[in-house]
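Shown below: upload.txt, with compact mmCIF, C-alpha atoms.
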# COMPACT_ATOMS: atom_id res chain seq x y z
CA MET A 4 -18.25 18.87 -7.71
CA GLU A 5 -21.85 20.02 -7.42
CA ARG A 6 -22.69 18.29 -10.72
CA VAL A 7 -21.17 15.07 -9.39
CA ARG A 8 -22.91 15.45 -6.01
CA ARG A 9 -26.27 15.71 -7.72
CA GLY A 10 -25.61 13.05 -10.35
CA PHE A 11 -24.50 10.42 -7.83
CA ASP A 12 -26.77 11.67 -5.01
CA LEU A 13 -23.63 12.02 -2.93
CA GLN A 14 -23.36 13.59 0.52
CA VAL A 15 -20.50 16.08 0.92
CA PHE A 16 -19.80 16.59 4.61
CA GLY A 17 -16.53 18.51 4.33
CA TYR A 18 -13.89 19.63 1.87
CA ALA A 19 -10.71 21.68 1.55
CA VAL A 20 -9.12 22.49 -1.78
CA MET A 21 -5.36 22.70 -1.33
CA PRO A 22 -2.77 23.89 -3.89
CA GLU A 23 -1.87 20.35 -5.03
CA HIS A 24 -4.64 18.14 -3.65
CA ILE A 25 -8.15 18.14 -2.25
CA HIS A 26 -9.63 16.70 0.93
CA LEU A 27 -13.18 15.38 0.79
CA LEU A 28 -15.36 13.85 3.50
CA LEU A 29 -18.12 12.09 1.60
CA GLY A 30 -20.97 9.69 2.20
CA GLU A 31 -21.58 6.69 -0.02
CA PRO A 32 -23.38 7.69 -3.20
CA LYS A 33 -26.99 6.60 -3.55
CA ARG A 34 -26.46 6.16 -7.31
CA GLY A 35 -23.34 4.49 -8.66
CA ILE A 36 -20.12 3.79 -6.81
CA LEU A 37 -17.72 6.13 -5.03
CA ALA A 38 -14.79 5.38 -7.37
CA ASP A 39 -16.86 6.55 -10.35
CA ALA A 40 -18.02 9.64 -8.46
CA LEU A 41 -14.39 10.60 -7.78
CA THR A 42 -13.24 9.86 -11.34
CA SER A 43 -15.85 12.11 -12.93
CA PRO A 44 -14.66 15.51 -11.59
CA LYS A 45 -11.01 14.47 -11.90
CA GLN A 46 -11.44 13.83 -15.62
CA GLY A 47 -13.27 17.10 -16.22
CA VAL A 48 -10.73 19.21 -14.34
CA ALA A 49 -7.79 17.47 -16.00
CA ARG A 50 -9.21 18.04 -19.49
CA ARG A 51 -9.64 21.74 -18.83
CA LEU A 52 -6.35 22.38 -17.03
CA ILE A 53 -3.57 20.26 -18.48
CA GLY A 54 -4.06 20.22 -22.21
CA SER A 55 -1.33 17.98 -23.54
CA ALA A 56 0.51 17.48 -20.23
CA GLU A 57 0.95 13.92 -19.00
CA HIS A 58 -1.26 14.12 -15.90
CA PHE A 59 -2.74 16.48 -13.35
CA TRP A 60 -4.01 14.21 -10.55
CA GLN A 61 -2.24 11.47 -8.68
CA LYS A 62 -3.23 8.05 -9.98
CA ARG A 63 -4.65 6.82 -6.66
CA TYR A 64 -6.51 8.50 -3.85
CA TYR A 65 -6.36 7.71 -0.15
CA ASP A 66 -9.62 6.57 1.36
CA PHE A 67 -10.64 5.83 4.91
CA ASN A 68 -13.91 4.35 6.13
CA VAL A 69 -15.29 6.42 9.00
CA ARG A 70 -16.93 4.10 11.51
CA ASP A 71 -18.33 6.43 14.18
CA TYR A 72 -18.99 10.04 15.10
CA GLU A 73 -15.60 10.45 16.83
CA GLN A 74 -13.73 9.44 13.66
CA PHE A 75 -16.00 11.68 11.61
CA ALA A 76 -15.25 14.68 13.82
CA GLU A 77 -11.51 13.89 13.79
CA LYS A 78 -11.39 13.73 9.97
CA LEU A 79 -13.48 16.86 9.58
CA ARG A 80 -11.18 18.77 11.95
CA TYR A 81 -8.13 17.51 10.05
CA ILE A 82 -9.58 18.64 6.72
CA HIS A 83 -10.45 22.12 7.96
CA ARG A 84 -7.17 22.62 9.85
CA ASN A 85 -4.93 21.39 7.02
CA PRO A 86 -4.54 24.83 5.38
CA VAL A 87 -3.41 26.25 8.75
CA LYS A 88 -1.00 23.38 9.34
CA ARG A 89 0.48 23.94 5.88
CA GLY A 90 0.96 27.67 6.60
CA LEU A 91 -1.53 28.83 3.97
CA CYS A 92 -3.61 30.81 6.45
CA GLU A 93 -3.71 31.58 10.15
CA ARG A 94 -7.18 30.23 10.98
CA PRO A 95 -9.47 27.69 9.30
CA GLU A 96 -12.05 30.39 8.63
CA ASP A 97 -9.45 32.32 6.58
CA TRP A 98 -9.23 29.55 3.95
CA GLU A 99 -12.07 30.31 1.56
CA TRP A 100 -11.69 27.05 -0.39
CA SER A 101 -13.12 24.82 2.32
CA GLY A 102 -16.42 24.01 3.97
CA PHE A 103 -15.31 25.40 7.33
CA GLY A 104 -17.41 28.54 6.92
CA HIS A 105 -20.55 26.47 6.68
CA TYR A 106 -19.89 24.78 10.03
CA ALA A 107 -18.69 27.94 11.77
CA THR A 108 -21.31 30.40 10.53
CA GLY A 109 -23.74 28.63 8.20
CA ALA A 110 -22.22 30.57 5.28
CA GLU A 111 -23.44 29.68 1.82
CA GLY A 112 -21.07 27.83 -0.48
CA PRO A 113 -20.89 24.46 -2.15
CA ARG A 114 -23.52 22.27 -0.58
CA ILE A 115 -22.54 20.68 2.70
CA GLU A 116 -24.80 18.17 4.42
CA PRO A 117 -26.01 19.72 7.69
CA ARG A 118 -26.27 16.51 9.70
CA CYS A 119 -24.62 13.14 9.77
CA CYS A 120 -23.81 10.16 11.90
CA ALA A 121 -27.17 9.08 13.29
CA GLY A 122 -28.60 12.59 13.39
CA ARG A 123 -25.77 14.14 15.40
CA PRO A 124 -24.81 17.59 14.18
CA ALA A 125 -21.50 17.69 12.32

With the file now loaded, output its structure as structure tokens.
Amino acid sequence: MERVRRGFDLQVFGYAVMPEHIHLLLGEPKRGILADALTSPKQGVARRLIGSAEHFWQKRYYDFNVRDYEQFAEKLRYIHRNPVKRGLCERPEDWEWSGFGHYATGAEGPRIEPRCCAGRPA
């Protein structure tokens, strides 16, 4: 994802990797289009993981245009709480495959944009 983030100059505001899907909260890429940015890592992962299997990813992804800070905060909370809701951990900070640690403690990990939505902290 870092290669894609750099290549498309894409802002990653939040993420959670789940057992069978991934949640991403992204800004519009400065280079290229979002559909291409999402296709690139999907193709690379699929080639490495499935071999001759029919498919790894679902054919379509769900997208939602965030219009204001309240929606942004709602989606970010949903992403970080999803592992808890699914019973994979007890607290968002226990799920190491998400960006929650960055927001909670500033922990290093895959790059997360520190600010968004007209300069308001995420």

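Remark: for Arg84 (chain A), the closest of the candidate residues A:Phe103, A:Asp66, A:Gly10, A:Val15 is A:Phe103 (distances computed over only C-alpha atoms).
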
Residue contacts of Tyr18 (chain A) (10 Å, only C-alpha atoms) excluding same-chain residues fewer than 6 positions away, as a ChimeraX atom specification:
/A:25-29,79,82-83,100-103,113,115

Could you state the separation of CA of Glu31 (chain A) and CA of Glu96 (chain A) in Å, given to one decimal place?
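Computing the Euclidean distance for CA of Glu31 (chain A) and CA of Glu96 (chain A) yields 27.0 Å.
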
For CA of Ala40 (chain A) and CA of Arg6 (chain A), quote the distance in Å rounded to one decimal.
10.1 Å

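Pairwise distance (CA of Trp98 (chain A), CA of Pro86 (chain A)) equals 6.8 Å.
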
Exercise: Gly30 (chain A) partners within 9 Å, all atoms listed in the file, chain neighbours under 6 positions left out, as a PyMOL selection string
chain A and resi 13-16+37

Between A:Lys78, A:Met4, A:Asn68, A:Glu93, which one has atoms that come closest to Gly17 (chain A), using all atoms listed in the file?
A:Lys78

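Closest approach to Val7 (chain A) among A:Thr42, A:Asn85, A:Gln74, A:Thr108 is made by A:Thr42 (distances from all atoms listed in the file).
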